[in-house]
Structure formats: structure tokens, C-alpha cells
file data22.txt (compact mmCIF, C-alpha atoms)
# COMPACT_ATOMS: atom_id res chain seq x y z
CA MET A 1 12.08 -10.12 -22.90
CA ASN A 2 15.07 -7.86 -23.23
CA ASP A 3 18.05 -8.55 -25.48
CA MET A 4 20.81 -10.23 -23.41
CA THR A 5 23.25 -7.59 -24.69
CA GLU A 6 21.00 -4.71 -23.60
CA THR A 7 22.20 -2.86 -20.51
CA PRO A 8 19.73 -2.11 -17.69
CA GLU A 9 20.01 1.59 -18.53
CA ASP A 10 19.15 0.94 -22.19
CA LEU A 11 16.32 -1.37 -21.16
CA ILE A 12 14.68 1.25 -18.92
CA ALA A 13 15.24 3.96 -21.55
CA ARG A 14 13.46 1.82 -24.15
CA MET A 15 10.62 0.91 -21.81
CA GLY A 16 10.30 4.52 -20.67
CA ALA A 17 10.04 5.84 -24.22
CA SER A 18 7.33 3.29 -25.02
CA ALA A 19 5.51 4.15 -21.80
CA ARG A 20 5.50 7.87 -22.60
CA ASP A 21 3.97 7.18 -26.00
CA ALA A 22 1.35 4.94 -24.38
CA ALA A 23 0.60 7.57 -21.72
CA ILE A 24 -0.35 10.07 -24.42
CA GLN A 25 -2.97 7.65 -25.73
CA LEU A 26 -4.22 6.68 -22.27
CA ALA A 27 -4.72 10.29 -21.23
CA GLN A 28 -7.27 10.63 -24.05
CA ALA A 29 -8.86 7.18 -23.75
CA PRO A 30 -12.56 7.17 -22.87
CA SER A 31 -13.70 5.51 -19.67
CA ASP A 32 -15.44 2.59 -21.36
CA GLN A 33 -12.28 1.64 -23.26
CA LYS A 34 -10.17 1.60 -20.08
CA ASP A 35 -12.84 -0.38 -18.24
CA ALA A 36 -13.10 -2.87 -21.12
CA ALA A 37 -9.34 -3.49 -20.84
CA LEU A 38 -9.63 -4.13 -17.10
CA ASN A 39 -12.55 -6.53 -17.47
CA ALA A 40 -10.80 -8.37 -20.29
CA ALA A 41 -7.69 -8.67 -18.13
CA ALA A 42 -9.81 -10.12 -15.31
CA ASP A 43 -11.17 -12.74 -17.72
CA ALA A 44 -7.66 -13.54 -18.88
CA ILE A 45 -6.43 -14.04 -15.30
CA LEU A 46 -9.19 -16.51 -14.53
CA LEU A 47 -8.49 -18.43 -17.73
CA ALA A 48 -4.76 -18.47 -16.95
CA GLU A 49 -5.15 -19.78 -13.37
CA ALA A 50 -3.14 -22.93 -14.09
CA THR A 51 -0.35 -20.98 -15.78
CA ILE A 52 -0.19 -18.43 -12.96
CA THR A 53 -0.17 -21.21 -10.35
CA GLN A 54 2.71 -22.95 -12.11
CA ALA A 55 4.68 -19.71 -12.33
CA ASN A 56 4.02 -19.11 -8.64
CA ALA A 57 5.29 -22.61 -7.81
CA GLU A 58 8.61 -21.67 -9.45
CA ASP A 59 8.79 -18.54 -7.32
CA LEU A 60 7.93 -20.45 -4.15
CA ALA A 61 10.71 -22.94 -4.90
CA TYR A 62 13.15 -20.05 -5.36
CA ALA A 63 11.93 -18.51 -2.07
CA ALA A 64 12.51 -21.82 -0.27
CA GLU A 65 16.08 -21.93 -1.58
CA LYS A 66 16.62 -18.40 -0.27
CA GLY A 67 15.18 -19.32 3.13
CA LEU A 68 12.36 -16.79 2.98
CA SER A 69 10.38 -16.53 6.25
CA ALA A 70 6.91 -18.05 6.58
CA ALA A 71 5.30 -14.60 6.64
CA MET A 72 7.16 -13.45 3.51
CA THR A 73 6.35 -16.72 1.77
CA ASP A 74 2.68 -16.11 2.56
CA ARG A 75 2.93 -12.71 0.84
CA LEU A 76 4.29 -14.48 -2.23
CA ARG A 77 1.90 -17.44 -2.40
CA LEU A 78 -1.00 -17.49 -4.86
CA ASP A 79 -3.83 -20.00 -4.60
CA PRO A 80 -7.13 -20.21 -6.52
CA ALA A 81 -8.89 -17.94 -4.02
CA ARG A 82 -6.18 -15.27 -4.26
CA ILE A 83 -6.14 -15.47 -8.06
CA ARG A 84 -9.91 -15.00 -8.10
CA ALA A 85 -9.47 -12.05 -5.74
CA ILE A 86 -7.00 -10.48 -8.19
CA ALA A 87 -9.57 -10.77 -10.99
CA ASP A 88 -12.32 -9.41 -8.73
CA GLY A 89 -10.09 -6.48 -7.85
CA LEU A 90 -9.68 -5.60 -11.52
CA ARG A 91 -13.46 -5.62 -12.01
CA THR A 92 -13.93 -3.46 -8.93
CA VAL A 93 -11.45 -0.90 -10.23
CA ALA A 94 -13.25 -0.93 -13.58
CA ALA A 95 -16.52 -0.17 -11.79
CA GLN A 96 -15.09 2.90 -10.04
CA PRO A 97 -15.80 6.38 -11.43
CA ASP A 98 -13.16 7.65 -13.85
CA PRO A 99 -10.91 10.04 -11.90
CA VAL A 100 -9.65 11.75 -15.06
CA GLY A 101 -11.48 14.92 -16.05
CA ARG A 102 -13.09 15.47 -12.64
CA VAL A 103 -13.73 19.14 -11.99
CA LEU A 104 -12.04 19.69 -8.63
CA ALA A 105 -13.04 23.34 -8.37
CA GLU A 106 -14.37 26.09 -10.61
CA TRP A 107 -15.03 29.78 -10.23
CA ASP A 108 -15.58 33.02 -12.15
CA ARG A 109 -13.43 36.13 -11.96
CA PRO A 110 -14.69 39.72 -12.16
CA ASN A 111 -12.79 40.10 -15.43
CA GLY A 112 -15.03 37.48 -17.06
CA LEU A 113 -12.65 34.52 -16.91
CA HIS A 114 -14.12 31.14 -15.98
CA ILE A 115 -11.52 28.89 -14.31
CA ARG A 116 -11.71 25.14 -13.71
CA ARG A 117 -9.24 22.93 -11.89
CA VAL A 118 -9.47 19.52 -13.58
CA ALA A 119 -7.91 16.16 -12.69
CA THR A 120 -5.39 14.89 -15.22
CA PRO A 121 -3.08 11.85 -15.38
CA ILE A 122 0.43 12.15 -13.97
CA GLY A 123 2.00 10.42 -16.98
CA VAL A 124 4.34 7.47 -16.39
CA LEU A 125 4.53 5.74 -13.02
CA GLY A 126 7.42 3.55 -11.86
CA VAL A 127 6.34 1.03 -9.23
CA ILE A 128 9.01 -0.94 -7.36
CA TYR A 129 7.70 -3.64 -5.04
CA GLU A 130 8.66 -6.78 -3.14
CA SER A 131 7.23 -10.29 -2.98
CA ARG A 132 3.50 -9.74 -3.48
CA PRO A 133 2.67 -10.60 -7.12
CA ASN A 134 -0.88 -9.27 -6.77
CA VAL A 135 0.65 -5.77 -6.79
CA THR A 136 1.30 -6.34 -10.50
CA ALA A 137 -2.44 -6.37 -11.13
CA ASP A 138 -3.32 -3.73 -8.55
CA ALA A 139 -0.75 -1.22 -9.76
CA GLY A 140 -1.45 -1.91 -13.41
CA ALA A 141 -5.19 -1.52 -12.91
CA LEU A 142 -4.99 1.71 -10.95
CA ALA A 143 -2.50 3.21 -13.37
CA LEU A 144 -4.74 2.36 -16.32
CA LYS A 145 -7.89 3.64 -14.60
CA SER A 146 -6.18 6.96 -13.88
CA GLY A 147 -4.87 7.28 -17.46
CA ASN A 148 -1.24 6.61 -16.56
CA ALA A 149 1.26 4.23 -18.11
CA VAL A 150 3.28 2.18 -15.63
CA ILE A 151 6.63 0.39 -15.50
CA LEU A 152 6.57 -2.36 -12.87
CA ARG A 153 9.62 -3.80 -11.18
CA GLY A 154 8.52 -6.67 -8.96
CA GLY A 155 10.56 -8.50 -6.36
CA THR A 156 13.22 -10.96 -7.48
CA ASP A 157 11.31 -13.70 -5.67
CA SER A 158 8.05 -13.07 -7.57
CA ILE A 159 9.41 -12.59 -11.07
CA HIS A 160 7.59 -15.54 -12.69
CA SER A 161 4.22 -14.90 -10.99
CA SER A 162 4.32 -11.19 -11.79
CA ALA A 163 5.23 -11.82 -15.42
CA ALA A 164 2.31 -14.25 -15.81
CA ILE A 165 -0.10 -11.68 -14.40
CA GLN A 166 1.35 -8.89 -16.55
CA ARG A 167 0.77 -10.98 -19.68
CA CYS A 168 -2.92 -11.13 -18.77
CA MET A 169 -2.98 -7.36 -18.30
CA ALA A 170 -1.37 -6.94 -21.74
CA GLN A 171 -4.01 -9.22 -23.24
CA GLY A 172 -6.74 -7.01 -21.80
CA LEU A 173 -5.10 -3.91 -23.28
CA ARG A 174 -4.87 -5.56 -26.71
CA GLN A 175 -8.51 -6.61 -26.68
CA ALA A 176 -9.59 -3.06 -25.82
CA GLY A 177 -7.41 -1.50 -28.50
CA LEU A 178 -5.02 0.17 -26.07
CA PRO A 179 -1.20 0.06 -26.28
CA GLU A 180 0.42 -2.89 -24.50
CA ALA A 181 3.23 -0.57 -23.41
CA ALA A 182 0.75 0.99 -20.98
CA ILE A 183 1.58 -1.77 -18.47
CA GLN A 184 5.15 -3.08 -18.70
CA ILE A 185 7.20 -5.20 -16.32
CA VAL A 186 10.99 -5.14 -16.01
CA PRO A 187 12.04 -8.64 -17.19
CA THR A 188 15.23 -9.02 -15.16
CA ARG A 189 16.36 -9.60 -11.58
CA ASP A 190 19.33 -7.29 -12.14
CA ARG A 191 19.16 -4.62 -9.43
CA ALA A 192 20.83 -2.18 -11.79
CA ALA A 193 17.41 -1.86 -13.45
CA VAL A 194 16.06 -0.38 -10.20
CA THR A 195 18.84 2.20 -10.19
CA ALA A 196 18.08 3.02 -13.81
CA MET A 197 14.41 3.58 -12.95
CA LEU A 198 15.33 5.90 -10.09
CA ARG A 199 17.40 7.99 -12.48
CA ALA A 200 14.96 8.00 -15.40
CA GLN A 201 14.21 11.71 -15.36
CA GLY A 202 12.11 12.75 -18.31
CA LEU A 203 10.83 9.20 -18.77
CA ILE A 204 9.24 8.32 -15.40
CA ASP A 205 7.23 11.02 -13.62
CA VAL A 206 6.98 9.47 -10.16
CA ILE A 207 8.43 6.44 -8.36
CA ILE A 208 6.20 4.48 -5.97
CA PRO A 209 8.09 2.04 -3.72
CA ARG A 210 6.04 -0.69 -2.08
CA GLY A 211 8.08 -2.74 0.33
CA GLY A 212 10.14 -2.73 3.50
CA LYS A 213 12.34 -0.10 5.06
CA GLY A 214 15.40 -1.20 3.09
CA LEU A 215 13.70 -0.73 -0.27
CA VAL A 216 12.09 2.57 0.63
CA GLY A 217 15.33 3.89 2.11
CA LEU A 218 17.21 2.99 -1.07
CA VAL A 219 14.62 4.69 -3.24
CA GLN A 220 14.54 7.86 -1.18
CA ALA A 221 18.34 8.05 -1.06
CA GLU A 222 18.99 7.47 -4.76
CA ALA A 223 15.91 8.67 -6.64
CA ARG A 224 16.23 11.62 -8.96
CA VAL A 225 12.56 11.18 -9.84
CA PRO A 226 9.86 12.35 -7.37
CA VAL A 227 8.77 9.65 -4.88
CA PHE A 228 5.48 8.77 -3.17
CA ALA A 229 6.85 7.70 0.21
CA HIS A 230 5.68 4.51 1.91
CA LEU A 231 7.64 3.86 5.07
CA GLU A 232 7.29 0.92 7.42
CA GLY A 233 3.93 -0.27 8.68
CA ILE A 234 4.61 0.12 12.40
CA CYS A 235 0.93 -0.09 13.33
CA HIS A 236 -0.31 0.33 16.90
CA VAL A 237 -3.44 -0.83 18.70
CA TYR A 238 -4.33 1.00 21.93
CA ALA A 239 -6.79 -0.64 24.34
CA ASP A 240 -8.26 2.24 26.33
CA GLY A 241 -9.70 1.95 29.81
CA ALA A 242 -13.15 2.42 28.30
CA ALA A 243 -12.73 -0.35 25.72
CA ASP A 244 -15.34 -3.06 25.31
CA LEU A 245 -13.67 -6.35 26.27
CA ASP A 246 -15.20 -8.52 23.55
CA LYS A 247 -14.46 -5.97 20.83
CA ALA A 248 -10.91 -5.52 22.11
CA ARG A 249 -10.18 -9.24 22.08
CA ARG A 250 -11.50 -9.68 18.53
CA VAL A 251 -9.72 -6.64 17.13
CA VAL A 252 -6.33 -7.28 18.76
CA LEU A 253 -6.19 -10.89 17.57
CA ASN A 254 -7.26 -10.00 14.03
CA ALA A 255 -4.93 -7.00 13.81
CA LYS A 256 -1.92 -9.19 14.62
CA THR A 257 -2.73 -12.68 13.37
CA ARG A 258 -4.94 -12.47 10.26
CA ARG A 259 -1.86 -11.96 8.07
CA THR A 260 1.34 -11.13 9.89
CA GLY A 261 3.40 -10.23 6.82
CA ILE A 262 1.40 -7.25 5.54
CA CYS A 263 2.05 -3.59 6.32
CA GLY A 264 -1.31 -3.27 8.09
CA ALA A 265 -0.49 -5.92 10.69
CA ALA A 266 -0.30 -4.60 14.26
CA GLU A 267 3.27 -4.49 15.56
CA CYS A 268 2.66 -2.93 18.98
CA LEU A 269 -0.11 -3.30 21.58
CA LEU A 270 -0.58 -0.51 24.11
CA ILE A 271 -2.82 -1.30 27.08
CA ASP A 272 -4.23 1.36 29.37
CA ARG A 273 -3.51 0.63 33.03
CA ALA A 274 -7.22 1.14 33.71
CA PHE A 275 -8.06 -1.64 31.23
CA TYR A 276 -5.38 -3.86 32.73
CA GLY A 277 -6.68 -3.19 36.24
CA THR A 278 -10.15 -4.35 35.20
CA TYR A 279 -9.42 -7.25 32.85
CA GLY A 280 -5.85 -8.28 33.65
CA ASP A 281 -3.63 -9.89 31.04
CA ILE A 282 -6.39 -11.35 28.84
CA LEU A 283 -5.25 -9.62 25.64
CA ILE A 284 -1.70 -10.89 26.16
CA ARG A 285 -2.92 -14.42 26.87
CA ASP A 286 -5.08 -14.38 23.74
CA LEU A 287 -2.03 -13.54 21.65
CA LEU A 288 0.15 -16.17 23.33
CA GLU A 289 -2.51 -18.84 22.80
CA ALA A 290 -2.62 -17.86 19.11
CA GLY A 291 1.12 -18.57 18.85
CA VAL A 292 2.28 -14.96 18.86
CA GLU A 293 5.58 -14.11 20.52
CA VAL A 294 4.81 -11.21 22.86
CA ARG A 295 7.79 -9.01 23.68
CA ALA A 296 6.57 -7.27 26.81
CA GLU A 297 7.80 -4.43 28.98
CA GLY A 298 7.33 -3.72 32.69
CA GLU A 299 4.47 -5.52 34.43
CA LEU A 300 3.47 -7.25 31.22
CA ALA A 301 6.85 -9.00 31.14
CA GLU A 302 5.72 -10.87 34.27
CA VAL A 303 2.95 -12.62 32.30
CA PRO A 304 4.02 -16.26 31.84
CA GLY A 305 5.07 -16.98 28.25
CA THR A 306 6.08 -13.46 27.34
CA VAL A 307 9.61 -12.43 26.32
CA PRO A 308 11.25 -9.30 27.82
CA ALA A 309 11.16 -6.52 25.25
CA ARG A 310 14.33 -4.80 24.10
CA PRO A 311 14.19 -1.03 23.58
CA ASP A 312 14.36 -1.43 19.79
CA ASP A 313 11.31 -3.73 19.77
CA PHE A 314 9.19 -0.58 20.00
CA GLY A 315 9.22 1.10 16.61
CA ARG A 316 10.05 -2.15 14.82
CA GLU A 317 8.19 -3.72 11.90
CA PHE A 318 8.31 -7.45 12.61
CA LEU A 319 6.21 -8.70 9.66
CA ASP A 320 6.02 -11.93 11.62
CA SER A 321 4.08 -13.53 14.46
CA ILE A 322 5.69 -11.16 16.97
CA ILE A 323 4.30 -8.13 18.77
CA ALA A 324 5.67 -5.61 21.27
CA ALA A 325 3.47 -4.71 24.24
CA ARG A 326 3.51 -2.25 27.13
CA LEU A 327 1.19 -0.50 29.61
CA VAL A 328 0.43 3.22 29.33
CA ASP A 329 -1.31 5.73 31.59
CA GLY A 330 -4.21 6.81 29.40
CA VAL A 331 -4.67 8.08 25.90
CA ASP A 332 -2.13 10.92 26.16
CA GLU A 333 0.70 8.52 26.97
CA ALA A 334 -0.46 6.25 24.14
CA ILE A 335 -0.35 9.20 21.75
CA ALA A 336 3.13 10.17 22.95
CA HIS A 337 4.39 6.60 22.49
CA ILE A 338 2.98 6.37 18.95
CA ARG A 339 4.42 9.76 17.99
CA ARG A 340 7.83 8.61 19.22
CA HIS A 341 7.84 5.12 17.71
CA GLY A 342 5.29 5.12 14.88
CA SER A 343 5.83 5.37 11.14
CA GLY A 344 2.69 7.35 10.30
CA HIS A 345 0.92 4.33 8.78
CA THR A 346 -2.11 3.08 10.77
CA GLU A 347 -3.17 3.25 14.42
CA SER A 348 -6.33 1.95 16.10
CA ILE A 349 -7.96 2.91 19.39
CA LEU A 350 -10.34 0.58 21.21
CA THR A 351 -12.74 2.67 23.30
CA GLU A 352 -16.43 3.36 23.89
CA GLU A 353 -15.73 6.97 24.92
CA ASP A 354 -16.29 9.45 22.07
CA ALA A 355 -14.18 12.14 23.72
CA VAL A 356 -11.21 9.77 24.11
CA ALA A 357 -11.48 8.64 20.50
CA GLU A 358 -11.61 12.24 19.33
CA ARG A 359 -8.51 13.08 21.39
CA PHE A 360 -6.70 10.13 19.77
CA PHE A 361 -7.75 11.25 16.29
CA ARG A 362 -6.69 14.86 16.91
CA GLY A 363 -3.46 13.96 18.67
CA LEU A 364 -2.06 11.77 15.91
CA ASP A 365 -1.32 12.46 12.26
CA SER A 366 -0.84 8.98 10.86
CA ALA A 367 -2.25 8.40 7.39
CA ILE A 368 -5.00 6.12 8.78
CA LEU A 369 -6.61 6.32 12.23
CA MET A 370 -9.24 3.80 13.30
CA ARG A 371 -11.62 3.25 16.18
CA ASN A 372 -12.76 -0.19 17.27
CA ALA A 373 -11.50 -1.71 14.03
CA SER A 374 -8.57 -3.89 13.01
CA THR A 375 -5.53 -2.28 11.42
CA GLN A 376 -5.75 -5.04 8.79
CA PHE A 377 -8.42 -2.87 7.10
CA ALA A 378 -5.60 -0.53 5.98
CA ASP A 379 -6.13 -1.59 2.38
CA GLY A 380 -7.45 0.14 -0.71
CA GLY A 381 -9.78 -2.74 -1.52
CA GLU A 382 -11.32 -2.55 1.96
CA PHE A 383 -11.69 1.22 1.52
CA GLY A 384 -13.81 0.61 -1.57
CA MET A 385 -11.09 1.63 -4.03
CA GLY A 386 -10.94 -1.79 -5.65
CA ALA A 387 -7.20 -1.98 -5.08
CA GLU A 388 -4.29 0.14 -3.96
CA ILE A 389 -0.86 0.91 -5.27
CA GLY A 390 0.44 1.16 -1.70
CA ILE A 391 -0.11 3.00 1.58
CA ALA A 392 1.58 6.39 1.31
CA THR A 393 2.80 7.81 4.62
CA GLY A 394 4.07 11.12 3.31
CA LYS A 395 2.06 14.30 3.73
CA LEU A 396 2.25 15.71 0.21
CA HIS A 397 -0.12 14.69 -2.59
CA ALA A 398 -0.76 10.97 -2.04
CA ARG A 399 -1.61 9.68 1.45
CA GLY A 400 -3.07 6.50 2.90
CA PRO A 401 -4.31 3.86 0.44
CA VAL A 402 -3.27 5.24 -2.95
CA GLY A 403 -6.09 4.55 -5.37
CA ALA A 404 -6.84 5.89 -8.83
CA GLU A 405 -7.90 9.34 -7.63
CA GLN A 406 -4.53 9.97 -5.96
CA LEU A 407 -2.71 8.96 -9.13
CA THR A 408 -3.87 12.13 -10.82
CA SER A 409 -2.51 15.65 -10.87
CA PHE A 410 -4.51 18.62 -12.13
CA LYS A 411 -4.44 21.42 -14.64
CA TYR A 412 -6.32 24.70 -14.94
CA LEU A 413 -8.71 25.27 -17.83
CA VAL A 414 -9.39 28.97 -18.31
CA THR A 415 -12.11 30.29 -20.63
CA GLY A 416 -12.53 33.89 -21.68
CA ASP A 417 -14.39 35.83 -24.37
CA GLY A 418 -11.67 37.86 -26.02
CA THR A 419 -10.60 38.79 -22.49
CA ILE A 420 -7.38 40.81 -22.13
CA ARG A 421 -5.45 41.98 -19.09
CA GLY A 422 -5.26 45.71 -18.58

call {"tool": "encode", "arguments": {"input": "data22.txt", "output": "C-alpha cells"}}
result
Amino acid sequence: MNDMTETPEDLIARMGASARDAAIQLAQAPSDQKDAALNAAADAILLAEATITQANAEDLAYAAEKGLSAAMTDRLRLDPARIRAIADGLRTVAAQPDPVGRVLAEWDRPNGLHIRRVATPIGVLGVIYESRPNVTADAGALALKSGNAVILRGGTDSIHSSAAIQRCMAQGLRQAGLPEAAIQIVPTRDRAAVTAMLRAQGLIDVIIPRGGKGLVGLVQAEARVPVFAHLEGICHVYADGAADLDKARRVVLNAKTRRTGICGAAECLLIDRAFYGTYGDILIRDLLEAGVEVRAEGELAEVPGTVPARPDDFGREFLDSIIAARLVDGVDEAIAHIRRHGSGHTESILTEEDAVAERFFRGLDSAILMRNASTQFADGGEFGMGAEIGIATGKLHARGPVGAEQLTSFKYLVTGDGTIRG
């Protein structure tokens, strides 16, 4: 823990200096040493289940005092199954190929030079996130796998849970002979520490925000360090006229209701008039029966149980058991709606027509586009990455689920034989 007299700026400066030293060692660490640290951390998490659960109970009590919503409380809650999933995620990351040292391209020049573009760690990552304590393990694991040190600043409501998980990560590092400063967590709720991270040029190489629009907006407005953008998860599901009814019903319900508080939850349902003409309001009724508040526009607002949608309900991240819904005239109108209201996160089309699906895929440039699949699969673990550090919606460098590969940069290795330039 930090000295009570230490300012947030001094705290981040101290942590940043330690992280830079650790990053030098990590960049040269062999794969088996990094993987040993991850597997040892997984063991430590399973052994510390009771301790982590107790820490989480403290955070849940704090969340109740703050009046946190049910969906946000669900993001915060850890149970034995979720703790086991955290450990499993660490082992899965350990089992992934080492992204460091990959030869991305190589070629020979007429002058005799041989040139390789090789993946290399970025250096020190700063990850700022809200609520979900599992991000502590995910971000720490992916940073370690990619040879980066990381400074974690979890949400004020998950401070005890995140600290308990970070201690397990540190134990894994110790057992593998790697520096504990490779995975550090900011030990204070003081928001000035966030500002200090955003201004830590020369200490932190990139900031990765993982949270809502307010957090990301703050980071983008104030950061002097480069940022991997992750905007809101305003995810759309479009039921095309050529959709299979059974598939559509399953996917729509899962996309909205499996977990309403995650960024991959569907926030808007678009229904083709051709689908509606054939099957009526069945998708709306399914949602209503599942307890979802449907904010509907036009004809859909006439469905009993729906609530008239306000204009700002389209393009809104509810993170709750609420969804906006409207009818559209075909895939082109669906694309136009998503381009106008989407955040570039994840969109899904439900259709059996290949040409329609291809038009949807070509017409949109969100980070993740799906066909006949739930938007809840927008997750690094589900993509086979073991975990993710967030879903990046920017178009430069990192995009979509950010796994270990996207946490690398590259350098050029050039080999000659006494070669000189004439």
C-alpha cells in the first residue's frame, strides 16, 4: 500500500518507474517462464477462493450503499464459478502461442539486406476499468503474455476484489522468478491517481480504458498518453426478412438477456418489415415475457406491454434489462440506422440469405460483425484468446477483442554482410 503522505502523482511516478524496470525483464523473458507465472497465479486464485469471496462481499456491501443497479452489481459479483473461470482464463492465456518475437513479414533487398518485421512488447500499459474485478486477472495475464508490464486502476467499487486477485497474480510472478512490479494495482480510490496515469508520459506507453462512456470520454479528453479507444457497446441485432424464426428467437433473447450489464449486450433490435409481416410481434413478445422493457417506435409501439421510445433511446447503452426496437425496410435501412446510431462495437444480422449477410458485412465497419449469432460472443475468451483487455472500437492498431497479439508493436531487424549504401 502507498504511504498516506504520498501524493497520487508521486504514487504513479513510483509505480511507473518500477513498471518500466519490470518491462525490460519481461521483454526478454522466455515463453515458459511467463506461462509458469500464469499457471501459478491460476493455482493461487483457486486456493484463495475464500479470501477473494470475502473481499468481494466487502465490495458488494459498498455497492449496495451506493445504490448500484442490479446489472452493475452483477458485473461486480464473484461466485465460485466465476472465480474458477478467472483461473481457467489464466491457463488458457498461458496455453496461447507467445506473440513476442513473431516474424510478421520478411524480405530480401537487391542490395543484400535481409529485413524482418518482428513483434515486440509495447512496454508499460495503464488499464483503467470499472466494476468488473475479473479484468484484473484478464489484463494482467494478457500484459504478461505479451511481455508488457501493467499498472491497473480498477473501479472504486471493486477495490477489495481486485486487490485480492492482484495478490494472486503477484504470487505467480514470484514463483516464476519474474518481478512483482510487472502487474501492479493502484491502491487508492482517489480519482487524482487516474489523472496522474493519464499524464504519465515517459512512464506509461498506452492507456486502455475499459468502462462506460463517462470513463472513456474522460480518458480521451485528458490523456497525454496514447489511448486504445473503447467506446460504448451500442450493439444491434437485425432480424432480416429471410431470418430463420427459431434461430432469431434464440439469438435475440440471448443477446439481450444473458447478461444485460456487459458491453456485448444487445441494446437495439431492428426488425425487417418482411419478417414482421410473416411472424408478427413474436420477438417483441419474447423479450417482454423475459422481463425486458421494450422501448418501441412506430407500429411496434402498438404491441401491448411496450413503452414508446424516445429519440435518444436509439444510440443509447442501457446496460440494463431495456432494449430499443423499431421496424426497418430491409438491410439497407438497417445499415443506415446502425451507421447513424451505433458505436462501432458489435452488430449481428439474422438471415439465411448469403447475399444479404454479405451486404451487411460490407456496409458496416463495426469492430465485430456477426451472422446468426448472439452479440454476447463479443468476448476475447469466446474468440479463443483466453481473455481480453477490452473491446477496442478505434481503427488504429488494436481493434475488437484486444488479446495478447494486439498488445504488441513491432521493430525491424535488418541483417547485412558489410553492406554499405552507395

call {"tool": "atom_distance", "arguments": {"input": "data22.txt", "atom1": "CA of Ile208 (chain A)", "atom2": "CA of Gln166 (chain A)"}}
result
17.7 Å

call {"tool": "atom_distance", "arguments": {"input": "data22.txt", "atom1": "CA of Leu90 (chain A)", "atom2": "CA of Leu38 (chain A)"}}
result
5.8 Å

call {"tool": "closest_residue", "arguments": {"input": "data22.txt", "among": "A:Thr419, A:Gln406, A:Asn148, A:Gln184", "to": "Ala163 (chain A)", "atoms": "all atoms listed in the file"}}
result
A:Gln184

call {"tool": "residues_around", "arguments": {"input": "data22.txt", "residues": "region 218-227 of chain A", "least_positions_apart": "4", "cutoff": "9 Å", "atoms": "all atoms listed in the file", "output": "PDB file with C-alpha atoms, keeping the file's coordinate frame"}}
result
ATOM      1  CA  ILE A 128       9.010  -0.940  -7.360  1.00  0.00           C
ATOM      2  CA  VAL A 194      16.060  -0.380 -10.200  1.00  0.00           C
ATOM      3  CA  THR A 195      18.840   2.200 -10.190  1.00  0.00           C
ATOM      4  CA  MET A 197      14.410   3.580 -12.950  1.00  0.00           C
ATOM      5  CA  LEU A 198      15.330   5.900 -10.090  1.00  0.00           C
ATOM      6  CA  ARG A 199      17.400   7.990 -12.480  1.00  0.00           C
ATOM      7  CA  ALA A 200      14.960   8.000 -15.400  1.00  0.00           C
ATOM      8  CA  GLN A 201      14.210  11.710 -15.360  1.00  0.00           C
ATOM      9  CA  GLY A 202      12.110  12.750 -18.310  1.00  0.00           C
ATOM     10  CA  ILE A 204       9.240   8.320 -15.400  1.00  0.00           C
ATOM     11  CA  ASP A 205       7.230  11.020 -13.620  1.00  0.00           C
ATOM     12  CA  VAL A 206       6.980   9.470 -10.160  1.00  0.00           C
ATOM     13  CA  ILE A 207       8.430   6.440  -8.360  1.00  0.00           C
ATOM     14  CA  ILE A 208       6.200   4.480  -5.970  1.00  0.00           C
ATOM     15  CA  PRO A 209       8.090   2.040  -3.720  1.00  0.00           C
ATOM     16  CA  LYS A 213      12.340  -0.100   5.060  1.00  0.00           C
ATOM     17  CA  GLY A 214      15.400  -1.200   3.090  1.00  0.00           C
TER      18      GLY A 214
END

call {"tool": "residues_around", "arguments": {"input": "data22.txt", "residues": "Val135 (chain A)", "least_positions_apart": "6", "cutoff": "10 Å", "atoms": "all atoms listed in the file", "output": "number ranges by chain"}}
result
A: 86, 127-129, 141, 152, 154, 162, 165, 210, 387-390

call {"tool": "residues_around", "arguments": {"input": "data22.txt", "residues": "Gly342 (chain A)", "least_positions_apart": "6", "cutoff": "10 Å", "atoms": "only C-alpha atoms", "output": "list in words"}}
result
Glu232, Gly233, Ile234, Cys235, His236, Glu267, Cys268, Phe314, Gly315, Arg316, Glu317, Ile335, Ala336, Leu364 and Ser366 of chain A

call {"tool": "atom_distance", "arguments": {"input": "data22.txt", "atom1": "CA of Ser146 (chain A)", "atom2": "CA of Pro97 (chain A)"}}
result
9.9 Å

call {"tool": "closest_residue", "arguments": {"input": "data22.txt", "among": "A:Asp108, A:Ala95, A:Thr306, A:Ile24", "to": "Thr415 (chain A)", "atoms": "all atoms listed in the file"}}
result
A:Asp108
